Each structure stands twice: as C-alpha cells, then as structure tokens.
$ cat query-v1.txt   # compact mmCIF, C-alpha atoms and all ligand atoms
# COMPACT_ATOMS: atom_id res chain seq x y z
CA MET A 129 49.73 67.57 77.33
CA LEU A 130 52.93 67.99 75.26
CA LYS A 131 53.33 71.76 75.27
CA ASN A 132 56.93 72.85 74.53
CA LYS A 133 58.00 69.25 73.81
CA ASN A 134 59.90 68.56 70.61
CA ALA A 135 59.09 65.42 68.64
CA VAL A 136 60.58 63.56 65.68
CA VAL A 137 58.21 61.29 63.73
CA THR A 138 59.56 59.15 60.88
CA GLY A 139 57.34 58.07 58.00
CA ALA A 140 54.80 60.82 58.64
CA THR A 141 54.01 61.58 55.00
CA ARG A 142 51.07 59.15 55.02
CA GLY A 143 48.97 56.79 57.13
CA ILE A 144 49.69 56.17 60.80
CA GLY A 145 52.77 58.44 60.93
CA ARG A 146 50.82 61.39 59.51
CA GLU A 147 48.15 60.98 62.19
CA ILE A 148 50.83 60.64 64.89
CA ALA A 149 52.50 63.89 63.76
CA LEU A 150 49.18 65.76 63.73
CA THR A 151 48.02 64.33 67.07
CA LEU A 152 51.32 65.23 68.78
CA ALA A 153 51.01 68.75 67.32
CA LYS A 154 47.37 69.01 68.50
CA ASN A 155 48.69 68.22 71.98
CA GLY A 156 51.17 71.11 71.77
CA ALA A 157 54.39 69.43 70.55
CA ASN A 158 56.65 70.90 67.88
CA VAL A 159 57.08 68.24 65.20
CA ALA A 160 59.94 67.26 62.87
CA ILE A 161 59.07 65.02 59.95
CA ASN A 162 61.14 63.42 57.21
CA TYR A 163 60.11 62.92 53.61
CA ARG A 164 61.66 61.18 50.62
CA THR A 165 59.80 63.24 48.00
CA LEU A 166 58.49 66.72 48.68
CA ASN A 167 55.02 66.35 47.14
CA LYS A 168 51.70 68.14 47.63
CA GLU A 169 50.71 65.78 50.49
CA VAL A 170 53.87 66.64 52.43
CA GLU A 171 53.35 70.37 51.80
CA ASN A 172 49.75 70.05 53.04
CA LEU A 173 50.92 68.24 56.18
CA ILE A 174 53.47 70.98 56.90
CA GLU A 175 50.70 73.61 56.57
CA GLU A 176 48.31 71.58 58.76
CA ILE A 177 50.91 71.28 61.52
CA LYS A 178 51.77 75.00 61.30
CA ALA A 179 48.08 75.87 61.62
CA LEU A 180 48.10 74.17 65.03
CA ASP A 181 50.39 76.91 66.34
CA VAL A 182 53.46 74.75 66.83
CA LYS A 183 56.79 74.65 65.02
CA VAL A 184 57.39 72.21 62.19
CA PHE A 185 60.68 71.05 60.69
CA ALA A 186 60.61 68.99 57.49
CA PHE A 187 63.72 67.36 56.07
CA LYS A 188 64.53 65.07 53.14
CA CYS A 189 65.70 61.81 54.66
CA ASP A 190 65.56 58.11 53.90
CA VAL A 191 65.87 56.23 57.20
CA ARG A 192 68.21 53.71 55.53
CA ASN A 193 70.78 56.41 54.86
CA VAL A 194 72.90 57.10 57.97
CA GLU A 195 74.20 60.45 56.69
CA GLU A 196 70.69 61.71 55.90
CA VAL A 197 69.41 60.52 59.30
CA GLU A 198 72.29 62.31 61.01
CA ASN A 199 71.48 65.55 59.17
CA PHE A 200 67.75 65.16 59.93
CA ILE A 201 68.21 64.53 63.67
CA LYS A 202 70.97 67.13 64.14
CA GLY A 203 68.96 69.62 62.07
CA THR A 204 65.95 69.04 64.35
CA LYS A 205 68.08 69.59 67.46
CA ASP A 206 69.47 72.85 66.01
CA GLU A 207 65.99 74.02 65.01
CA PHE A 208 64.10 73.09 68.21
CA GLY A 209 66.90 73.09 70.86
CA SER A 210 66.09 69.60 72.18
CA ILE A 211 64.52 66.30 71.13
CA ASP A 212 62.08 65.00 73.74
CA ILE A 213 60.17 62.42 71.69
CA LEU A 214 61.27 60.05 68.93
CA VAL A 215 58.64 57.98 67.12
CA ASN A 216 60.10 55.35 64.79
CA ASN A 217 57.18 54.69 62.47
CA ALA A 218 58.61 54.46 58.91
CA GLY A 219 57.96 50.99 57.55
CA ILE A 220 57.38 48.93 54.44
CA THR A 221 56.13 45.48 53.42
CA LYS A 222 57.36 43.25 50.57
CA ASP A 223 55.30 40.13 51.07
CA GLY A 224 55.87 36.66 49.66
CA LEU A 225 56.09 33.06 50.73
CA ILE A 226 59.63 31.93 51.62
CA LEU A 227 59.91 29.79 48.46
CA ARG A 228 59.36 32.86 46.29
CA MET A 229 60.89 35.58 48.44
CA LYS A 230 63.89 37.25 46.86
CA GLU A 231 66.87 38.01 49.09
CA GLU A 232 66.52 41.64 48.05
CA ASP A 233 62.93 41.78 49.40
CA PHE A 234 64.06 40.31 52.71
CA ASN A 235 66.93 42.79 53.00
CA ASP A 236 64.86 45.85 52.02
CA VAL A 237 62.25 45.25 54.71
CA ILE A 238 64.90 44.67 57.39
CA ASP A 239 66.80 47.77 56.22
CA VAL A 240 63.84 50.14 56.54
CA ASN A 241 61.92 48.68 59.49
CA LEU A 242 64.74 47.49 61.76
CA LYS A 243 67.96 49.16 60.61
CA GLY A 244 66.09 52.45 60.10
CA THR A 245 64.94 52.29 63.73
CA PHE A 246 68.54 51.61 64.80
CA ASN A 247 69.84 54.54 62.70
CA THR A 248 67.53 57.18 64.19
CA THR A 249 67.85 55.83 67.75
CA LYS A 250 71.66 55.71 67.61
CA ILE A 251 71.81 59.37 66.62
CA THR A 252 69.02 60.59 68.95
CA ALA A 253 70.05 58.64 72.08
CA PRO A 254 73.17 60.77 72.86
CA ILE A 255 71.02 63.92 72.65
CA MET A 256 68.45 62.45 75.09
CA ILE A 257 71.20 61.09 77.38
CA LYS A 258 72.69 64.58 77.62
CA GLN A 259 69.26 66.02 78.40
CA ARG A 260 68.63 63.22 80.92
CA SER A 261 65.14 62.76 79.55
CA GLY A 262 63.34 61.38 76.53
CA LYS A 263 60.57 59.17 75.21
CA ILE A 264 61.12 56.72 72.38
CA VAL A 265 58.11 54.98 70.82
CA ASN A 266 58.77 52.31 68.21
CA ILE A 267 56.01 51.07 65.93
CA SER A 268 56.17 47.29 65.54
CA SER A 269 53.22 45.05 64.60
CA ILE A 270 51.31 42.11 66.05
CA VAL A 271 52.88 40.19 63.14
CA GLY A 272 56.21 40.57 65.00
CA ILE A 273 54.61 38.73 67.93
CA ILE A 274 52.56 35.98 66.28
CA GLY A 275 54.11 35.77 62.78
CA ASN A 276 52.21 35.68 59.49
CA ALA A 277 52.44 33.39 56.47
CA GLY A 278 53.81 35.41 53.55
CA GLN A 279 55.48 38.01 55.76
CA CYS A 280 58.63 36.34 57.15
CA ASN A 281 60.70 39.44 56.30
CA TYR A 282 58.20 41.84 57.88
CA ALA A 283 57.63 39.63 60.94
CA ALA A 284 61.40 39.29 61.48
CA SER A 285 61.88 43.06 61.20
CA LYS A 286 59.03 43.79 63.63
CA ALA A 287 60.13 41.10 66.11
CA GLY A 288 63.60 42.68 65.82
CA VAL A 289 62.13 46.07 66.70
CA ILE A 290 60.68 44.55 69.90
CA GLY A 291 64.02 43.00 70.98
CA PHE A 292 65.87 46.17 70.04
CA SER A 293 63.44 48.33 72.04
CA LYS A 294 63.60 46.17 75.18
CA SER A 295 67.41 46.38 75.05
CA MET A 296 67.22 50.16 74.61
CA ALA A 297 64.76 50.41 77.52
CA ARG A 298 67.31 48.62 79.74
CA GLU A 299 70.29 50.67 78.48
CA LEU A 300 68.58 54.03 78.77
CA ALA A 301 66.33 53.66 81.85
CA SER A 302 68.90 55.13 84.26
CA ARG A 303 69.05 58.26 82.07
CA ASN A 304 65.30 58.85 82.44
CA ILE A 305 64.57 57.73 78.89
CA ASN A 306 61.52 55.52 78.32
CA VAL A 307 61.43 53.17 75.35
CA ASN A 308 58.17 51.44 74.48
CA VAL A 309 56.66 49.60 71.54
CA ILE A 310 53.24 49.83 69.95
CA ALA A 311 52.11 46.74 68.06
CA PRO A 312 49.18 47.71 65.85
CA GLY A 313 46.84 45.06 64.47
CA TYR A 314 44.90 45.75 61.30
CA ILE A 315 44.83 49.53 60.68
CA GLU A 316 43.25 51.16 57.61
CA THR A 317 46.08 52.80 55.59
CA ASP A 318 47.79 52.51 52.18
CA MET A 319 49.68 49.49 53.58
CA THR A 320 46.48 47.49 54.13
CA LYS A 321 44.47 48.97 51.20
CA VAL A 322 46.06 46.39 48.89
CA LEU A 323 44.30 43.48 50.63
CA SER A 324 41.27 42.01 48.83
CA ASP A 325 37.78 42.35 50.35
CA LYS A 326 37.80 38.60 51.01
CA VAL A 327 41.06 38.78 53.00
CA LYS A 328 39.80 41.88 54.85
CA GLU A 329 36.63 40.05 55.86
CA GLU A 330 38.63 37.04 57.03
CA VAL A 331 40.87 39.27 59.15
CA ILE A 332 37.92 41.17 60.66
CA ASN A 333 36.40 37.85 61.70
CA THR A 334 39.49 37.17 63.85
CA ILE A 335 39.19 40.52 65.67
CA PRO A 336 37.09 40.32 68.87
CA MET A 337 35.96 43.95 68.34
CA LYS A 338 34.94 43.01 64.78
CA LYS A 339 36.32 46.18 63.20
CA ILE A 340 39.44 47.60 61.58
CA GLY A 341 41.45 50.12 63.63
CA SER A 342 42.22 53.70 62.61
CA ALA A 343 45.50 55.59 62.59
CA LYS A 344 44.00 57.71 65.36
CA ASP A 345 43.77 54.64 67.62
CA VAL A 346 47.56 54.28 67.33
CA ALA A 347 48.29 58.02 67.58
CA ASN A 348 46.37 58.35 70.86
CA LEU A 349 48.63 55.75 72.50
CA VAL A 350 51.71 57.54 71.13
CA VAL A 351 50.56 60.69 72.95
CA PHE A 352 50.25 58.76 76.23
CA LEU A 353 53.68 57.11 75.80
CA SER A 354 55.23 60.49 74.90
CA SER A 355 53.76 62.30 77.90
CA ASP A 356 54.54 62.44 81.62
CA LEU A 357 51.53 60.16 82.20
CA SER A 358 53.73 57.20 81.21
CA ASN A 359 56.84 58.12 83.22
CA TYR A 360 56.96 54.70 84.98
CA VAL A 361 56.28 52.67 81.82
CA THR A 362 59.27 51.34 79.90
CA GLY A 363 60.22 48.27 77.86
CA GLN A 364 56.57 47.44 77.18
CA VAL A 365 54.85 46.20 74.04
CA ILE A 366 51.27 47.47 73.84
CA ASN A 367 48.94 46.08 71.19
CA VAL A 368 46.41 48.32 69.46
CA ASP A 369 44.44 45.59 67.73
CA GLY A 370 40.85 45.35 68.92
CA GLY A 371 41.82 42.31 70.97
CA MET A 372 43.24 40.30 68.06
CA VAL A 373 46.28 39.13 70.07
CA MET A 374 46.07 38.60 73.81
CA SER A 375 48.95 37.26 75.85
P1 LIG B 1 52.12 53.56 54.97
O1 LIG B 1 50.78 54.22 54.85
O2 LIG B 1 52.58 52.69 53.87
O3 LIG B 1 53.22 54.69 55.29
C1 LIG B 1 54.56 54.32 55.47
C2 LIG B 1 55.37 55.55 55.79
O4 LIG B 1 56.75 55.16 55.93
C3 LIG B 1 55.34 56.59 54.67
O5 LIG B 1 55.37 57.87 55.23
C4 LIG B 1 56.62 56.32 53.91
O6 LIG B 1 57.15 57.44 53.20
C5 LIG B 1 57.55 55.97 55.07
N1 LIG B 1 58.75 55.27 54.60
C6 LIG B 1 58.81 54.08 53.96
N2 LIG B 1 60.09 53.78 53.65
C7 LIG B 1 60.85 54.80 54.13
C8 LIG B 1 62.24 55.08 54.12
N3 LIG B 1 63.14 54.23 53.56
N4 LIG B 1 62.68 56.23 54.68
C9 LIG B 1 61.81 57.08 55.22
N5 LIG B 1 60.48 56.90 55.28
C10 LIG B 1 60.00 55.76 54.72
O7 LIG B 1 52.16 52.63 56.26
P2 LIG B 1 51.30 52.66 57.63
O8 LIG B 1 50.24 51.62 57.50
O9 LIG B 1 50.96 54.04 57.99
O10 LIG B 1 52.40 52.05 58.62
C11 LIG B 1 53.13 52.85 59.53
C12 LIG B 1 53.87 51.92 60.48
O11 LIG B 1 52.92 51.11 61.19
C13 LIG B 1 54.82 50.95 59.78
O12 LIG B 1 55.98 50.75 60.56
C14 LIG B 1 54.00 49.66 59.72
O13 LIG B 1 54.81 48.53 59.63
C15 LIG B 1 53.25 49.75 61.03
N6 LIG B 1 52.04 48.93 61.06
C16 LIG B 1 50.98 49.18 60.23
C17 LIG B 1 49.85 48.39 60.30
C18 LIG B 1 48.65 48.60 59.41
O14 LIG B 1 47.70 47.80 59.52
N7 LIG B 1 48.60 49.63 58.59
C19 LIG B 1 49.81 47.34 61.21
C20 LIG B 1 50.89 47.11 62.04
C21 LIG B 1 52.00 47.92 61.96
P3 LIG B 1 56.92 57.65 51.61
O15 LIG B 1 55.64 58.42 51.50
O16 LIG B 1 58.12 58.39 51.20
O17 LIG B 1 56.81 56.27 51.01
$ encode --input "query-v1.txt" --output "structure tokens" --more "lines below"
Ligand code: NAP
Amino acid sequence: MLKNKNAVVTGATRGIGREIALTLAKNGANVAINYRTLNKEVENLIEEIKALDVKVFAFKCDVRNVEEVENFIKGTKDEFGSIDILVNNAGITKDGLILRMKEEDFNDVIDVNLKGTFNTTKITAPIMIKQRSGKIVNISSIVGIIGNAGQCNYAASKAGVIGFSKSMARELASRNINVNVIAPGYIETDMTKVLSDKVKEEVINTIPMKKIGSAKDVANLVVFLSSDLSNYVTGQVINVDGGMVMS
C-alpha cells in the first residue's frame, strides 16, 4: 500500500513507534528513524527494517533539539529524495499531582511531546509543500481529550498536539497535505508497564472491549492515514482505545 513512499517516524526505538516503523516498512515504505542512543535494540530494528526490502535511515536526534531535528529531516530528504509521511510519535510521561509536580517535569513533557512535534513539523512542512503532497500523523492520547488526575503535564501536551494538528490541517490542506491525530487509549508498552496490576485492572474495567490494546492496533491506523485510502480525511482525531472514550 505504501510502495516507494518515504516515511519519518520519531520515537521508533521502542513500543508503539517501533511497531509503526515496522508496519510502514511491511507495507513497502522506506523508513527513517531517530535514536538518542545507538544500542542493540536500535541496531536490531535497523536490521529488521532492511530485511523487509526497503531502505532505512537512522539518525541520532533528540526531538527537543532543533539543530538535530533539522539534520535528521534534511538528511532523510537527501537520502530518500522526498518525505511523504511524517509520524510524530516520540513521547514521555512524568506523572504527579499538581501539588507535587515540579516545574521541570511540566516543562520536560511539553518540550518532548508538543514542542518536539512542532520542531519536526516545522522542518518537514516546507518539503511537503514543495512536493504538493504529504501525510502527517501525530500521536496524541485519550488523556489529551478527557484529562487524567496525576497527568496534567501529559494531558496538556497531548491536548496541545490536537490543537496544533487541527491548525496544521487547515494551513496545509490546500497543498494536498493531510494532518490527522491518533489518540490511543491503554496500549501495552514500556510507558504503561510501570502501572501496578491493581491500576491495570481498574483501567481494563473502564474499557468496553475489556482488553488492553497493542502497538499493532495503533500502527494499522497509521498505515491507513499514511495511504491514499485516507486522501479525503484531514484534521481528525481518531481514538484507538477499545471504546474507552466515545464522543
Ligand atoms: P515508549 O515505549 O516509552 O517509547 C517512547 C519513544 O519515544 C522511545 O522510542 C523514546 O526513545 C522516544 N523518545 C522519548 N523522548 C525522546 C526525545 N526527547 N527525542 C527523541 N525520541 C524520544 O512509549 P509508547 O508507549 O510507545 O508511546 C509512544 C507514543 O504513544 C507517545 O507519544 C505516547 O504518549 C503515546 N501514547 C501511548 C499510550 C500507551 O498506552 N502506551 C497511550 C496513549 C498515547 P528512547 O528509547 O531514546 O527513550
């Protein structure tokens, strides 16, 4: 479905991003990934993508650092010739109730989740505008829609991603660039591994489908939003949450 398309996926070293990178590659896309530390897991991912008979470009880049993002995105363009798909997935949590939350923890989460999305989009948008085509998929969270006690920083960053994406969808629509948001619910990754069994059970009880989602559930929607099948879909927020949030 994505043969000869060139994709950038941030935060692909683990979890949802890793599955997104592999699923895009399985659908024929060449994939550029960033890493902060070149460890065995990143090397394995590079080999796994290569084995799918597509090109892979891996670059050291922290999404908070504008210069590194510029080198990553421009390096991808030089390597692949175009950038057709941008998936802003890199994200962190630093949870705490407002009374105990340090300013630094608030700022860090905004810097990675929201400012990081701005950094990559700002540098990729001119490339897509020149091409007169592109698909941008931003990974938010249902927490950005309904809020969550203990996650005011994370919820603010993810709500910010939704407002940012809708504005981008309006700015870029006339240039044939689609911008959509995926809001995952509870997905099994390192990010959610830290929750106790009791909390996990409580969360599962609030999910109509009564089960935790997988990274694959998110990656499959990324493929749809990156493909020609979604050409008339822009500015939308789609939940992948087993029915947890319905509006
Ligand atoms: P994860 O397993 O913790 O992986 C996070 C990824 O982001 C890693 O690849 C990490 O790279 C990267 N990253 C973090 N800070 C970065 C930075 N400053 N620069 C570049 N890369 C950075 O998380 P996940 O569960 O897969 O989450 C992926 C996305 O889905 C996030 O945006 C998250 O908010 C969202 N989400 C997740 C869930 C869930 O239930 N898991 C639910 C809703 C939304 P390193 O390996 O270098 O740390």
$ residues_near_ligand --input "query-v1.txt" --ligand "ligand LIG 1 (chain B)" --cutoff "8 Å" --atoms "only C-alpha atoms and all ligand atoms" --output "PyMOL selection string"
chain A and resi 138-146+162-165+189-192+216-221+239-241+244+267-271+282+286+311-320+341+343
$ closest_residue --input "query-v1.txt" --among "A:Arg260, A:Asp233, A:Asp223, A:Val309" --to "Gln279 in chain A" --atoms "all atoms listed in the file"
A:Asp223
$ residues_around --input "query-v1.txt" --residues "Leu173 in chain A" --least-positions-apart "4" --cutoff "12 Å" --atoms "only C-alpha atoms" --output "list in words"
Ala140, Thr141, Arg142, Gly143, Gly145, Arg146, Glu147, Ile148, Ala149, Leu150, Thr151, Ala153, Val159, Ala160, Ile161, Asn162, Tyr163, Leu166, Asn167, Lys168, Glu169, Ile177, Lys178, Ala179, Leu180, Val184, Phe185 and Ala186 of chain A
$ closest_residue --input "query-v1.txt" --among "A:Phe352, A:Phe187, A:Met129, A:Ser261" --to "Asn199 in chain A" --atoms "only C-alpha atoms"
A:Phe187
$ closest_residue --input "query-v1.txt" --among "A:Ala284, A:Val361, A:Ala253, A:Val322" --to "Met296 in chain A" --atoms "all atoms listed in the file"
A:Ala253
$ atom_distance --input "query-v1.txt" --atom1 "CA of Ala135 in chain A" --atom2 "CA of Asn235 in chain A"
28.6 Å
$ residues_around --input "query-v1.txt" --residues "Ile257 in chain A" --least-positions-apart "4" --cutoff "10 Å" --atoms "all atoms listed in the file" --output "list of chain:residue names"
A:Thr252, A:Ala253, A:Ser261, A:Gly262, A:Leu300, A:Ala301, A:Ser302, A:Arg303, A:Asn304, A:Ile305
$ write_last_selection --input "query-v1.txt" --atoms "C-alpha atoms" --output "mmCIF file, keeping the file's coordinate frame"
data_model
loop_
_atom_site.group_PDB
_atom_site.id
_atom_site.type_symbol
_atom_site.label_atom_id
_atom_site.label_comp_id
_atom_site.auth_asym_id
_atom_site.auth_seq_id
_atom_site.Cartn_x
_atom_site.Cartn_y
_atom_site.Cartn_z
ATOM 1 C CA THR A 252 69.020 60.590 68.950
ATOM 2 C CA ALA A 253 70.050 58.640 72.080
ATOM 3 C CA SER A 261 65.140 62.760 79.550
ATOM 4 C CA GLY A 262 63.340 61.380 76.530
ATOM 5 C CA LEU A 300 68.580 54.030 78.770
ATOM 6 C CA ALA A 301 66.330 53.660 81.850
ATOM 7 C CA SER A 302 68.900 55.130 84.260
ATOM 8 C CA ARG A 303 69.050 58.260 82.070
ATOM 9 C CA ASN A 304 65.300 58.850 82.440
ATOM 10 C CA ILE A 305 64.570 57.730 78.890
#
$ closest_residue --input "query-v1.txt" --among "A:Val194, A:Leu227, A:Val289, A:Val265" --to "Val136 in chain A" --atoms "only C-alpha atoms"
A:Val265
$ atom_distance --input "query-v1.txt" --atom1 "CA of Lys243 in chain A" --atom2 "CA of Gly209 in chain A"
26.1 Å
$ atom_distance --input "query-v1.txt" --atom1 "CA of Val237 in chain A" --atom2 "CA of Gly272 in chain A"
12.8 Å
$ residues_around --input "query-v1.txt" --residues "range 328-339 of chain A" --least-positions-apart "4" --cutoff "7 Å" --atoms "only C-alpha atoms" --output "PDB file with C-alpha atoms, in the frame of the given file"
ATOM      1  CA  LEU A 323      44.300  43.480  50.630  1.00  0.00           C
ATOM      2  CA  SER A 324      41.270  42.010  48.830  1.00  0.00           C
ATOM      3  CA  GLY A 370      40.850  45.350  68.920  1.00  0.00           C
ATOM      4  CA  GLY A 371      41.820  42.310  70.970  1.00  0.00           C
ATOM      5  CA  MET A 372      43.240  40.300  68.060  1.00  0.00           C
TER       6      MET A 372
END
$ closest_residue --input "query-v1.txt" --among "A:Leu152, A:Ile251, A:Ala283, A:Ile211" --to "Val197 in chain A" --atoms "all atoms listed in the file"
A:Ile251
$ closest_residue --input "query-v1.txt" --among "A:Val215, A:Val182, A:Ile290, A:Cys280" --to "Met229 in chain A" --atoms "all atoms listed in the file"
A:Cys280
$ residues_around --input "query-v1.txt" --residues "Lys294 in chain A" --least-positions-apart "3" --cutoff "8 Å" --atoms "all atoms listed in the file" --output "list in words"
Ile290, Gly291, Ala297, Arg298, Val307, Asn308, Gly363 and Gln364 of chain A
$ residues_around --input "query-v1.txt" --residues "Lys263 in chain A" --least-positions-apart "3" --cutoff "7 Å" --atoms "all atoms listed in the file" --output "PDB file with C-alpha atoms, in the frame of the given file"
ATOM      1  CA  ASP A 212      62.080  65.000  73.740  1.00  0.00           C
ATOM      2  CA  ILE A 213      60.170  62.420  71.690  1.00  0.00           C
ATOM      3  CA  LEU A 214      61.270  60.050  68.930  1.00  0.00           C
ATOM      4  CA  ILE A 305      64.570  57.730  78.890  1.00  0.00           C
ATOM      5  CA  ASN A 306      61.520  55.520  78.320  1.00  0.00           C
ATOM      6  CA  VAL A 307      61.430  53.170  75.350  1.00  0.00           C
ATOM      7  CA  SER A 354      55.230  60.490  74.900  1.00  0.00           C
TER       8      SER A 354
END
$ decode --input "query-v1.txt" --residues "range 260-271 of chain A" --atoms "all heavy atoms" --output "mmCIF file, in the first residue's frame"
data_model
loop_
_atom_site.group_PDB
_atom_site.id
_atom_site.type_symbol
_atom_site.label_atom_id
_atom_site.label_comp_id
_atom_site.auth_asym_id
_atom_site.auth_seq_id
_atom_site.Cartn_x
_atom_site.Cartn_y
_atom_site.Cartn_z
ATOM 1 N N ARG A 260 3.888 19.278 -2.901
ATOM 2 C CA ARG A 260 2.427 19.345 -3.020
ATOM 3 C C ARG A 260 1.768 18.024 -2.640
ATOM 4 O O ARG A 260 0.746 17.629 -3.203
ATOM 5 C CB ARG A 260 1.993 19.783 -4.425
ATOM 6 C CG ARG A 260 2.516 21.138 -4.791
ATOM 7 C CD ARG A 260 1.404 22.034 -5.369
ATOM 8 N NE ARG A 260 1.868 23.412 -5.432
ATOM 9 C CZ ARG A 260 1.361 24.399 -4.707
ATOM 10 N NH1 ARG A 260 0.385 24.191 -3.888
ATOM 11 N NH2 ARG A 260 1.834 25.619 -4.819
ATOM 12 N N SER A 261 2.331 17.363 -1.663
ATOM 13 C CA SER A 261 1.690 16.166 -1.104
ATOM 14 C C SER A 261 2.365 15.783 0.202
ATOM 15 O O SER A 261 3.540 16.109 0.418
ATOM 16 C CB SER A 261 1.772 14.994 -2.081
ATOM 17 O OG SER A 261 3.098 14.542 -2.181
ATOM 18 N N GLY A 262 1.615 15.120 1.049
ATOM 19 C CA GLY A 262 2.199 14.632 2.308
ATOM 20 C C GLY A 262 1.127 14.177 3.281
ATOM 21 O O GLY A 262 -0.041 14.560 3.173
ATOM 22 N N LYS A 263 1.550 13.321 4.199
ATOM 23 C CA LYS A 263 0.646 12.826 5.248
ATOM 24 C C LYS A 263 1.368 13.006 6.577
ATOM 25 O O LYS A 263 2.504 12.508 6.744
ATOM 26 C CB LYS A 263 0.363 11.331 5.057
ATOM 27 C CG LYS A 263 -0.189 10.949 3.694
ATOM 28 C CD LYS A 263 -1.683 11.142 3.647
ATOM 29 C CE LYS A 263 -2.227 10.567 2.349
ATOM 30 N NZ LYS A 263 -3.648 10.845 2.196
ATOM 31 N N ILE A 264 0.724 13.710 7.488
ATOM 32 C CA ILE A 264 1.302 13.865 8.826
ATOM 33 C C ILE A 264 0.358 13.198 9.819
ATOM 34 O O ILE A 264 -0.848 13.461 9.817
ATOM 35 C CB ILE A 264 1.520 15.356 9.181
ATOM 36 C CG1 ILE A 264 2.476 16.006 8.165
ATOM 37 C CG2 ILE A 264 2.061 15.501 10.609
ATOM 38 C CD1 ILE A 264 2.697 17.508 8.344
ATOM 39 N N VAL A 265 0.914 12.311 10.639
ATOM 40 C CA VAL A 265 0.106 11.621 11.660
ATOM 41 C C VAL A 265 0.748 11.909 13.011
ATOM 42 O O VAL A 265 1.923 11.575 13.239
ATOM 43 C CB VAL A 265 0.065 10.097 11.414
ATOM 44 C CG1 VAL A 265 -0.824 9.426 12.463
ATOM 45 C CG2 VAL A 265 -0.430 9.778 10.003
ATOM 46 N N ASN A 266 -0.010 12.553 13.893
ATOM 47 C CA ASN A 266 0.521 12.891 15.214
ATOM 48 C C ASN A 266 -0.110 12.003 16.279
ATOM 49 O O ASN A 266 -1.333 11.828 16.309
ATOM 50 C CB ASN A 266 0.252 14.365 15.517
ATOM 51 C CG ASN A 266 1.042 15.272 14.572
ATOM 52 O OD1 ASN A 266 2.121 14.890 14.113
ATOM 53 N ND2 ASN A 266 0.518 16.436 14.270
ATOM 54 N N ILE A 267 0.729 11.448 17.136
ATOM 55 C CA ILE A 267 0.221 10.549 18.176
ATOM 56 C C ILE A 267 -0.059 11.363 19.439
ATOM 57 O O ILE A 267 0.866 11.864 20.088
ATOM 58 C CB ILE A 267 1.209 9.399 18.472
ATOM 59 C CG1 ILE A 267 1.638 8.678 17.176
ATOM 60 C CG2 ILE A 267 0.580 8.423 19.477
ATOM 61 C CD1 ILE A 267 0.545 7.980 16.399
ATOM 62 N N SER A 268 -1.334 11.479 19.770
ATOM 63 C CA SER A 268 -1.758 12.164 20.990
ATOM 64 C C SER A 268 -2.111 11.094 22.010
ATOM 65 O O SER A 268 -1.408 10.087 22.137
ATOM 66 C CB SER A 268 -2.946 13.086 20.671
ATOM 67 O OG SER A 268 -3.449 13.683 21.839
ATOM 68 N N SER A 269 -3.206 11.259 22.723
ATOM 69 C CA SER A 269 -3.658 10.282 23.721
ATOM 70 C C SER A 269 -5.083 10.646 24.103
ATOM 71 O O SER A 269 -5.461 11.831 24.059
ATOM 72 C CB SER A 269 -2.770 10.362 24.961
ATOM 73 O OG SER A 269 -3.392 9.707 26.046
ATOM 74 N N ILE A 270 -5.846 9.660 24.545
ATOM 75 C CA ILE A 270 -7.203 9.994 25.027
ATOM 76 C C ILE A 270 -7.117 10.891 26.264
ATOM 77 O O ILE A 270 -8.047 11.624 26.566
ATOM 78 C CB ILE A 270 -8.054 8.732 25.321
ATOM 79 C CG1 ILE A 270 -7.339 7.830 26.325
ATOM 80 C CG2 ILE A 270 -8.444 8.009 24.062
ATOM 81 C CD1 ILE A 270 -8.289 6.876 27.018
ATOM 82 N N VAL A 271 -5.965 10.852 26.941
ATOM 83 C CA VAL A 271 -5.763 11.724 28.115
ATOM 84 C C VAL A 271 -5.797 13.203 27.695
ATOM 85 O O VAL A 271 -6.204 14.064 28.469
ATOM 86 C CB VAL A 271 -4.446 11.335 28.831
ATOM 87 C CG1 VAL A 271 -4.034 12.374 29.857
ATOM 88 C CG2 VAL A 271 -4.592 9.971 29.504
#
